[in-house]
file entry.txt (compact mmCIF, C-alpha atoms)
# COMPACT_ATOMS: atom_id res chain seq x y z
CA MET A 3 56.42 -24.27 20.84
CA LYS A 4 55.35 -21.59 23.24
CA HIS A 5 52.38 -19.34 22.77
CA PHE A 6 53.45 -15.86 21.72
CA ILE A 7 51.44 -13.00 23.23
CA THR A 8 51.21 -9.59 21.59
CA THR A 9 49.57 -6.54 23.16
CA THR A 10 50.67 -3.98 20.60
CA LEU A 11 48.66 -0.75 20.34
CA PHE A 12 50.98 1.09 17.97
CA LEU A 13 52.44 -0.42 14.79
CA LEU A 14 55.31 1.22 12.96
CA ILE A 15 56.40 -0.13 9.59
CA ALA A 16 59.57 1.01 7.90
CA ILE A 17 59.10 1.43 4.14
CA GLY A 18 62.26 2.45 2.32
CA ILE A 19 63.12 6.01 3.37
CA ARG A 20 59.60 6.48 4.70
CA ALA A 21 57.93 5.21 7.82
CA GLN A 22 54.28 4.96 8.69
CA ALA A 23 52.90 5.38 12.17
CA ILE A 24 49.65 3.48 12.60
CA ILE A 25 47.96 4.56 15.82
CA GLN A 26 45.13 2.42 17.14
CA LEU A 27 42.35 4.66 18.43
CA GLU A 28 40.11 3.53 21.27
CA ASN A 29 36.47 4.51 21.42
CA GLU A 30 35.51 6.19 24.67
CA ASN A 31 31.91 7.38 24.75
CA GLY A 32 32.00 8.11 21.03
CA ARG A 33 35.34 9.92 21.14
CA ASP A 34 38.67 8.72 19.72
CA MET A 35 41.07 8.23 22.63
CA LEU A 36 44.78 7.40 22.69
CA GLN A 37 47.75 7.62 25.04
CA ALA A 38 50.42 10.29 24.54
CA ASP A 39 53.62 11.23 26.32
CA ILE A 40 54.39 14.93 26.88
CA ASN A 41 58.03 15.51 27.76
CA GLY A 42 58.16 12.26 29.72
CA VAL A 43 54.73 12.11 31.37
CA THR A 44 51.89 9.96 29.98
CA VAL A 45 48.47 11.56 29.60
CA LYS A 46 45.15 10.56 28.11
CA ALA A 47 44.50 12.29 24.80
CA TYR A 48 41.58 12.66 22.41
CA TYR A 49 41.87 12.95 18.65
CA THR A 50 39.63 15.06 16.42
CA ASP A 51 39.41 15.27 12.63
CA GLU A 52 38.85 19.02 12.97
CA PRO A 53 41.68 21.29 11.67
CA TRP A 54 42.87 21.73 15.24
CA ASN A 55 46.37 21.70 16.64
CA ILE A 56 47.13 20.54 20.20
CA SER A 57 45.55 22.03 23.27
CA LEU A 58 45.51 21.41 26.99
CA SER A 59 43.09 22.41 29.68
CA SER A 60 44.48 25.01 32.06
CA THR A 61 44.39 22.42 34.87
CA THR A 62 46.54 19.95 32.94
CA TYR A 63 48.90 22.68 31.78
CA LEU A 64 49.44 23.97 35.33
CA PHE A 65 50.19 20.47 36.58
CA LEU A 66 52.79 19.91 33.85
CA ASN A 67 54.26 23.39 34.31
CA GLU A 68 54.51 23.24 38.08
CA ASN A 69 56.19 19.82 37.93
CA GLY A 70 58.76 20.89 35.38
CA TYR A 71 57.39 19.02 32.36
CA ILE A 72 56.63 22.28 30.53
CA PRO A 73 59.20 24.85 31.66
CA ASP A 74 58.51 28.58 31.43
CA SER A 75 61.14 28.81 28.67
CA ASP A 76 58.80 26.86 26.36
CA VAL A 77 55.98 29.41 26.77
CA GLN A 78 55.55 31.71 23.75
CA GLY A 79 52.91 34.14 24.93
CA MET A 80 49.36 34.45 23.60
CA SER A 81 47.84 33.43 20.29
CA SER A 82 44.43 33.50 18.60
CA VAL A 83 42.76 30.13 18.26
CA LYS A 84 39.76 29.44 16.05
CA MET A 85 37.34 27.16 17.86
CA THR A 86 35.44 24.37 16.12
CA ASN A 87 32.24 26.46 16.25
CA GLY A 88 33.92 29.23 14.26
CA THR A 89 34.61 31.67 17.10
CA THR A 90 38.10 32.95 17.89
CA VAL A 91 39.54 33.08 21.39
CA LYS A 92 42.84 34.09 22.95
CA ALA A 93 44.95 31.23 24.28
CA GLY A 94 48.35 30.74 25.83
CA ALA A 95 50.89 29.35 23.35
CA PHE A 96 53.78 27.05 24.16
CA VAL A 97 55.91 24.33 22.56
CA ILE A 98 55.94 20.64 23.46
CA LYS A 99 59.59 19.68 23.04
CA ASN A 100 58.87 15.94 22.84
CA LEU A 101 55.43 14.49 22.07
CA LYS A 102 55.62 10.72 21.88
CA ILE A 103 52.77 8.67 20.44
CA GLY A 104 53.60 5.01 20.26
CA ASN A 105 57.14 4.78 18.91
CA VAL A 106 57.13 8.10 17.08
CA THR A 107 58.46 11.21 18.77
CA LEU A 108 57.37 14.58 17.41
CA LYS A 109 59.71 17.46 18.18
CA ASN A 110 58.79 21.07 19.01
CA VAL A 111 55.05 20.73 18.49
CA PRO A 112 53.03 23.98 18.83
CA ALA A 113 50.30 23.77 21.49
CA THR A 114 47.89 26.04 23.32
CA VAL A 115 46.14 26.29 26.67
CA ILE A 116 42.34 26.64 26.46
CA ALA A 117 40.77 27.72 29.76
CA LYS A 118 37.35 26.21 29.04
CA GLN A 119 38.62 22.93 27.67
CA THR A 120 37.63 20.03 29.91
CA VAL A 121 39.66 17.15 28.41
CA PRO A 122 43.31 16.62 29.42
CA LEU A 123 44.75 16.79 25.90
CA LEU A 124 43.10 17.38 22.53
CA ILE A 125 45.00 16.50 19.35
CA GLY A 126 43.63 17.70 16.03
CA SER A 127 44.60 16.68 12.50
CA GLN A 128 46.46 19.96 12.02
CA ALA A 129 49.02 18.86 14.63
CA PHE A 130 50.39 16.26 12.24
CA GLN A 131 50.41 18.28 9.02
CA ASP A 132 54.12 19.03 9.23
CA PHE A 133 54.92 15.35 9.71
CA GLY A 134 53.13 13.68 6.84
CA GLU A 135 49.86 12.62 5.26
CA ILE A 136 47.08 11.60 7.65
CA VAL A 137 44.51 8.91 6.92
CA LYS A 138 41.86 7.76 9.40
CA GLU A 139 39.97 4.53 8.76
CA ASP A 140 38.80 1.43 10.61
CA GLY A 141 39.57 2.95 14.00
CA ARG A 142 43.17 3.66 13.08
CA LEU A 143 45.08 6.83 12.42
CA SER A 144 47.87 6.46 9.82
CA ILE A 145 50.55 9.12 9.58
CA GLY A 146 53.00 8.85 6.70
CA LEU A 147 56.38 10.17 7.79
CA GLY A 148 58.44 11.50 4.89
CA SER A 149 62.23 11.45 4.72
CA ASN A 150 62.32 15.11 5.82
CA SER A 151 59.84 14.67 8.65
CA PRO A 152 60.91 16.14 12.00
CA ALA A 153 59.48 13.05 13.68
CA GLN A 154 61.97 10.55 15.05
CA VAL A 155 61.36 6.81 14.76
CA ASP A 156 63.00 4.16 16.96
CA THR A 157 64.14 1.56 14.42
CA MET A 158 64.57 -1.19 17.01
CA ASP A 159 61.04 -0.59 18.32
CA ILE A 160 59.74 -0.82 14.76
CA LEU A 161 61.39 -4.20 14.35
CA ARG A 162 60.23 -5.49 17.73
CA THR A 163 56.63 -4.47 17.08
CA LYS A 164 56.62 -5.94 13.58
CA LEU A 165 58.20 -9.12 14.96
CA GLN A 166 55.38 -9.70 17.43
CA ASP A 167 52.86 -9.35 14.59
CA CYS A 168 54.78 -11.94 12.55
CA LEU A 169 54.83 -14.35 15.49
CA SER A 170 51.13 -13.82 16.15
CA GLU A 171 50.38 -14.48 12.48
CA LYS A 172 52.80 -17.46 12.41
CA ASN A 173 54.76 -15.76 9.64
CA TYR A 174 57.97 -17.44 10.74
CA ALA A 175 59.95 -16.73 7.57
CA GLU A 176 59.72 -12.97 8.05
CA ALA A 177 60.09 -13.37 11.81
CA GLU A 178 63.44 -15.09 11.26
CA THR A 179 64.67 -12.15 9.15
CA ILE A 180 63.71 -9.66 11.87
CA PHE A 181 65.18 -11.81 14.63
CA LYS A 182 68.47 -11.92 12.72
CA GLN A 183 68.63 -8.11 12.62
CA LEU A 184 67.82 -7.78 16.31
CA TYR A 185 70.32 -10.52 17.21
CA SER A 186 73.09 -8.84 15.20
CA ALA A 187 72.31 -5.55 16.97
CA GLY A 188 72.47 -7.21 20.41
CA GLU A 189 68.79 -6.39 21.05
CA LEU A 190 67.59 -9.85 22.17
CA ASN A 191 67.14 -10.86 25.80
CA MET A 192 66.87 -14.36 27.26
CA PHE A 193 63.27 -14.89 26.16
CA THR A 194 63.46 -13.27 22.72
CA GLN A 195 66.66 -15.14 21.85
CA TYR A 196 64.85 -18.29 22.99
CA GLN A 197 62.03 -17.38 20.60
CA TYR A 198 64.61 -16.91 17.84
CA CYS A 199 65.91 -20.42 18.42
CA MET A 200 62.39 -21.83 18.27
CA VAL A 201 61.72 -20.03 14.97
CA LEU A 202 65.01 -21.23 13.49
CA GLY A 203 64.02 -24.77 14.41
CA LEU A 204 60.56 -24.39 12.89
CA ASN A 205 62.09 -23.02 9.69
CA GLY A 206 64.61 -25.87 9.47
CA ASN A 207 67.59 -23.52 9.67
CA ASP A 208 69.77 -26.01 11.53
CA LYS A 209 73.11 -24.28 10.99
CA ASP A 210 72.00 -20.94 12.45
CA ASN A 211 70.01 -22.65 15.19
CA SER A 212 73.09 -24.56 16.36
CA ILE A 213 75.00 -21.24 16.59
CA VAL A 214 72.26 -19.18 18.27
CA SER A 215 71.24 -21.99 20.64
CA THR A 216 74.83 -22.59 21.71
CA ASP A 217 75.15 -18.85 22.35
CA TRP A 218 71.92 -18.90 24.40
CA ILE A 219 73.21 -21.82 26.47
CA GLY A 220 76.43 -19.96 27.21
CA LYS A 221 74.48 -16.93 28.46
CA TYR A 222 71.35 -18.32 30.10
CA ALA A 223 71.57 -22.08 30.79
CA GLY A 224 70.29 -22.89 34.28
CA LYS A 225 68.02 -19.87 34.60
CA SER A 226 64.88 -21.65 33.35
CA LEU A 227 64.45 -25.44 33.27
CA SER A 228 61.62 -25.17 30.76
CA MET A 229 63.66 -23.04 28.36
CA ASP A 230 66.70 -25.27 28.93
CA TYR A 231 64.66 -28.27 27.87
CA TRP A 232 63.38 -26.71 24.65
CA ILE A 233 66.74 -25.17 23.69
CA TYR A 234 68.66 -28.43 24.20
CA ASP A 235 65.94 -30.40 22.43
CA GLY A 236 65.96 -28.04 19.42
CA LEU A 237 69.75 -27.99 19.34
CA GLY A 238 69.75 -31.80 19.38
CA ASN A 239 67.41 -31.86 16.39
CA SER A 240 69.62 -29.44 14.47
CA LEU A 241 72.82 -31.32 15.26
CA LYS A 242 71.16 -34.60 14.24
CA ASN A 243 70.07 -33.06 10.92
CA LEU A 244 73.60 -31.73 10.40
CA GLY A 245 75.00 -35.27 10.87
CA ASP A 246 76.58 -34.64 14.28
CA ASN A 247 75.12 -37.64 16.10
CA MET A 248 77.39 -37.43 19.14
CA GLY A 249 76.61 -33.75 19.55
CA ALA A 250 72.91 -34.54 19.20
CA ILE A 251 73.16 -37.26 21.86
CA SER A 252 74.86 -34.87 24.28
CA SER A 253 72.19 -32.21 23.71
CA TYR A 254 69.25 -34.63 24.00
CA LEU A 255 70.66 -35.98 27.28
CA LYS A 256 70.82 -32.45 28.67
CA ALA A 257 67.24 -31.81 27.49
CA LYS A 258 66.20 -35.02 29.26
CA THR A 259 67.94 -33.96 32.47
CA ALA A 260 66.29 -30.52 32.39
CA ASP A 261 62.85 -32.10 31.94
CA PHE A 262 63.46 -34.62 34.71
CA ASP A 263 64.40 -31.76 37.05
CA LEU A 264 61.41 -29.70 35.90
CA TYR A 265 58.91 -32.47 36.66
CA ASN A 266 60.86 -34.01 39.55
CA THR A 267 60.89 -37.41 37.88
CA ASP A 268 63.42 -39.99 36.67
CA GLU A 269 63.85 -43.09 34.52
CA LYS A 270 62.51 -45.39 37.27
CA ALA A 271 59.22 -43.47 37.42
CA ILE A 272 58.84 -43.73 33.65
CA LYS A 273 59.58 -47.47 33.67
CA LYS A 274 56.93 -47.97 36.37
CA GLY A 275 54.39 -46.02 34.30
CA GLU A 276 54.21 -43.28 36.93
CA PHE A 277 55.14 -40.48 34.53
CA LYS A 278 54.06 -39.87 30.93
CA ASN A 279 54.86 -36.87 28.78
CA GLU A 280 54.70 -36.85 24.99
CA ASP A 281 57.19 -34.00 24.56
CA LEU A 282 59.77 -35.83 26.65
CA GLY A 283 58.85 -39.04 24.83
CA LYS A 284 59.63 -37.37 21.50
CA THR A 285 63.02 -36.25 22.81
CA LEU A 286 63.85 -39.72 24.11
CA PHE A 287 62.83 -41.28 20.80
CA ALA A 288 65.13 -38.86 18.93
CA LEU A 289 67.87 -39.72 21.45
CA GLY A 290 67.39 -43.42 20.70
CA GLN A 291 67.60 -42.77 16.96
CA ALA A 292 70.79 -40.74 17.42
CA TYR A 293 72.38 -43.60 19.39
CA ALA A 294 71.39 -46.03 16.64
CA ARG A 295 72.99 -43.81 14.00
CA ALA A 296 76.11 -43.75 16.15
CA ASP A 297 76.11 -47.60 16.03
CA ASN A 298 75.10 -48.02 19.65
CA ILE A 299 72.02 -50.16 19.02
CA SER A 300 71.48 -51.31 22.59
CA ARG A 301 71.35 -47.75 23.93
CA GLY A 302 69.17 -46.78 21.02
CA GLU A 303 66.64 -49.48 21.86
CA TYR A 304 66.71 -48.55 25.55
CA TRP A 305 65.70 -44.95 24.92
CA CYS A 306 63.09 -45.94 22.32
CA ILE A 307 61.49 -48.22 24.89
CA LEU A 308 61.56 -45.48 27.51
CA SER A 309 60.02 -43.11 24.95
CA ALA A 310 57.17 -45.57 24.38
CA LYS A 311 56.61 -45.79 28.13
CA CYS A 312 56.30 -41.97 28.12
CA GLY A 313 53.29 -42.41 25.85
CA TYR A 314 54.90 -41.23 22.60
CA GLN A 315 52.91 -43.08 19.92
CA PRO A 316 55.59 -43.25 17.16
CA ALA A 317 57.90 -44.93 19.70
CA ILE A 318 55.15 -47.34 20.71
CA ASP A 319 54.61 -48.27 17.05
CA PHE A 320 58.37 -48.62 16.54
CA CYS A 321 58.77 -50.94 19.50
CA LYS A 322 55.86 -53.13 18.37
CA LYS A 323 57.20 -53.29 14.81
CA TYR A 324 60.65 -54.41 15.95
CA LYS A 325 59.31 -56.51 18.85
CA LEU A 326 61.09 -54.57 21.57
CA ASN A 327 59.99 -55.57 25.08
CA LEU A 328 57.84 -52.82 26.63
CA LYS A 329 57.33 -54.69 29.93

call {"tool": "encode", "arguments": {"input": "entry.txt", "output": "structure tokens"}}
result
Amino acid sequence: MKHFITTTLFLLIAIGIRAQAIIQLENENGRDMLQADINGVTVKAYYTDEPWNISLSSTTYLFLNENGYIPDSDVQGMSSVKMTNGTTVKAGAFVIKNLKIGNVTLKNVPATVIAKQTVPLLIGSQAFQDFGEIVKEDGRLSIGLGSNSPAQVDTMDILRTKLQDCLSEKNYAEAETIFKQLYSAGELNMFTQYQYCMVLGLNGNDKDNSIVSTDWIGKYAGKSLSMDYWIYDGLGNSLKNLGDNMGAISSYLKAKTADFDLYNTDEKAIKKGEFKNEDLGKTLFALGQAYARADNISRGEYWCILSAKCGYQPAIDFCKKYKLNLK
């Protein structure tokens, strides 16, 4: 089983007709910092609990305006802005057509240009009032998005982000459910479909694993020897559990071939004790068992012996118990 890596900063969880955006805030010199996307360009942003909307420094605004990210048609003139110290100043007003934070896109967000502001982008709690309830705790900002919220949520991104959390937490039952949705929607690539096969194997879902693994083989076989090995090995296990011994034998043999190619080894090297690998040994032992179930005892014993020579302890114990020659 491969190690699953997650580097998620933003977690979106769909809850009925509601969704919740959970934004991880980073501490930068005592200030809450996050990444935001304004009309397609990523900028550093700071969050404040103050009843503030969204403001840019004049320098940042001019850069975005001159490069077409904030067109003149989005400018709305001047407005009065109450500063955090209680004073009121005049500021240029405009609309951000698309403000993306994580996987949530806010549409037509009011913003202002403050000449004396020194940070690139300042986001206050007031900016999210039209989108839902805001709760800040434990370095996270949670925004509840109601069914009438103007924010748009990418459902597939929600599922992918939640999936990585499930894999990280080894919650394979829920991961399988999410994988199934992504697979049905055609949203899995070579690696994520490979992950799906591994999870199906871990969960003992042999019927689905035989289908998804066979599909993976048809699309991606030959692109990665390591993945080929694990897919064929898992498919062999599922076919064996489903009672298809000949299918299991065929799959285990292909797993063996992929591993031999991966490590540039062969049966002769194993017999001479020049190559040991417990994973391969486990596959060879399962191959021997499948041959035995198919009434080919001699081939079954051959692969069990080779498995023992790979260093796979259950095969070593099996060979000693039934007095199979390991020399």

call {"tool": "residues_around", "arguments": {"input": "entry.txt", "residues": "Cys199 in chain A", "least_positions_apart": "6", "cutoff": "7 Å", "atoms": "only C-alpha atoms", "output": "count of residues only"}}
result
3

call {"tool": "closest_residue", "arguments": {"input": "entry.txt", "among": "A:Lys258, A:Lys242, A:Lys329, A:Lys323", "to": "Ala296 in chain A", "atoms": "all atoms listed in the file"}}
result
A:Lys242

call {"tool": "atom_distance", "arguments": {"input": "entry.txt", "atom1": "CA of Asp319 in chain A", "atom2": "CA of Asn298 in chain A"}}
result
20.7 Å

call {"tool": "closest_residue", "arguments": {"input": "entry.txt", "among": "A:Arg162, A:Trp232, A:Lys322, A:Asn55", "to": "Ile98 in chain A", "atoms": "all atoms listed in the file"}}
result
A:Asn55

call {"tool": "closest_residue", "arguments": {"input": "entry.txt", "among": "A:Leu101, A:Leu328, A:Met229, A:Ile56", "to": "Tyr71 in chain A", "atoms": "all atoms listed in the file"}}
result
A:Leu101

call {"tool": "residues_near_point", "arguments": {"input": "entry.txt", "point": "(67.0, -35.7, 31.7)", "cutoff": "10 Å", "atoms": "all atoms listed in the file", "output": "list of chain:residue names"}}
result
A:Tyr231, A:Tyr254, A:Leu255, A:Lys256, A:Ala257, A:Lys258, A:Thr259, A:Ala260, A:Asp261, A:Phe262, A:Asp263, A:Leu264, A:Thr267, A:Asp268, A:Glu269, A:Leu282, A:Thr285, A:Leu286

call {"tool": "closest_residue", "arguments": {"input": "entry.txt", "among": "A:Lys278, A:Lys99, A:Arg142, A:Lys172", "to": "Asn29 in chain A", "atoms": "all atoms listed in the file"}}
result
A:Arg142

call {"tool": "atom_distance", "arguments": {"input": "entry.txt", "atom1": "CA of Arg295 in chain A", "atom2": "CA of Leu237 in chain A"}}
result
17.0 Å

call {"tool": "atom_distance", "arguments": {"input": "entry.txt", "atom1": "CA of Leu36 in chain A", "atom2": "CA of Pro53 in chain A"}}
result
18.0 Å

call {"tool": "residues_around", "arguments": {"input": "entry.txt", "residues": "Ala177 in chain A", "least_positions_apart": "2", "cutoff": "12 Å", "atoms": "all atoms listed in the file", "output": "ChimeraX atom specification"}}
result
/A:161-175,179-185,194,197-202,204-205

call {"tool": "residues_around", "arguments": {"input": "entry.txt", "residues": "Asp34 in chain A", "least_positions_apart": "4", "cutoff": "9 Å", "atoms": "all atoms listed in the file", "output": "VMD selection string"}}
result
chain A and resid 27 to 30 47 to 50 141

call {"tool": "closest_residue", "arguments": {"input": "entry.txt", "among": "A:Gly302, A:Gly79, A:Leu123, A:Ala250", "to": "Gly94 in chain A", "atoms": "only C-alpha atoms"}}
result
A:Gly79

call {"tool": "closest_residue", "arguments": {"input": "entry.txt", "among": "A:Asn41, A:Ser59, A:Thr216, A:Thr107", "to": "Asp76 in chain A", "atoms": "all atoms listed in the file"}}
result
A:Asn41

call {"tool": "residues_around", "arguments": {"input": "entry.txt", "residues": "Lys46 in chain A", "least_positions_apart": "6", "cutoff": "10 Å", "atoms": "all atoms listed in the file", "output": "list in words"}}
result
Met35, Leu36, Gln37, Ala38, Asp39, Val121, Pro122, Leu123 and Leu124 of chain A

call {"tool": "residues_around", "arguments": {"input": "entry.txt", "residues": "Trp218 in chain A", "least_positions_apart": "2", "cutoff": "10 Å", "atoms": "only C-alpha atoms", "output": "ChimeraX atom specification"}}
result
/A:191-193,195-196,199,212-216,220-223,230,233

call {"tool": "build_atoms", "arguments": {"input": "entry.txt", "residues": "range 285-298 of chain A", "atoms": "N, CA and C atoms", "output": "short mmCIF file (atom, residue, chain, number, x, y, z; two decimals), in the frame of the given file"}}
result
data_model
loop_
_atom_site.label_atom_id
_atom_site.label_comp_id
_atom_site.auth_asym_id
_atom_site.auth_seq_id
_atom_site.Cartn_x
_atom_site.Cartn_y
_atom_site.Cartn_z
N THR A 285 61.58 -36.48 22.63
CA THR A 285 63.02 -36.25 22.81
C THR A 285 63.76 -37.57 23.01
N LEU A 286 63.20 -38.44 23.84
CA LEU A 286 63.85 -39.72 24.11
C LEU A 286 63.89 -40.60 22.86
N PHE A 287 62.85 -40.52 22.05
CA PHE A 287 62.83 -41.28 20.80
C PHE A 287 63.92 -40.78 19.85
N ALA A 288 64.07 -39.44 19.76
CA ALA A 288 65.13 -38.86 18.93
C ALA A 288 66.50 -39.25 19.49
N LEU A 289 66.62 -39.31 20.82
CA LEU A 289 67.87 -39.72 21.45
C LEU A 289 68.20 -41.17 21.06
N GLY A 290 67.18 -42.02 21.10
CA GLY A 290 67.39 -43.42 20.70
C GLY A 290 67.83 -43.54 19.24
N GLN A 291 67.22 -42.74 18.38
CA GLN A 291 67.60 -42.77 16.96
C GLN A 291 69.04 -42.30 16.77
N ALA A 292 69.43 -41.25 17.54
CA ALA A 292 70.79 -40.74 17.42
C ALA A 292 71.81 -41.79 17.87
N TYR A 293 71.50 -42.51 18.94
CA TYR A 293 72.38 -43.60 19.39
C TYR A 293 72.49 -44.68 18.31
N ALA A 294 71.38 -45.00 17.68
CA ALA A 294 71.39 -46.03 16.64
C ALA A 294 72.27 -45.59 15.47
N ARG A 295 72.16 -44.32 15.10
CA ARG A 295 72.99 -43.81 14.00
C ARG A 295 74.46 -43.79 14.38
N ALA A 296 74.73 -43.72 15.67
CA ALA A 296 76.11 -43.75 16.15
C ALA A 296 76.57 -45.19 16.42
N ASP A 297 75.78 -46.16 15.93
CA ASP A 297 76.11 -47.60 16.03
C ASP A 297 76.08 -48.13 17.45
N ASN A 298 75.31 -47.49 18.31
CA ASN A 298 75.10 -48.02 19.65
C ASN A 298 73.65 -48.47 19.73
#
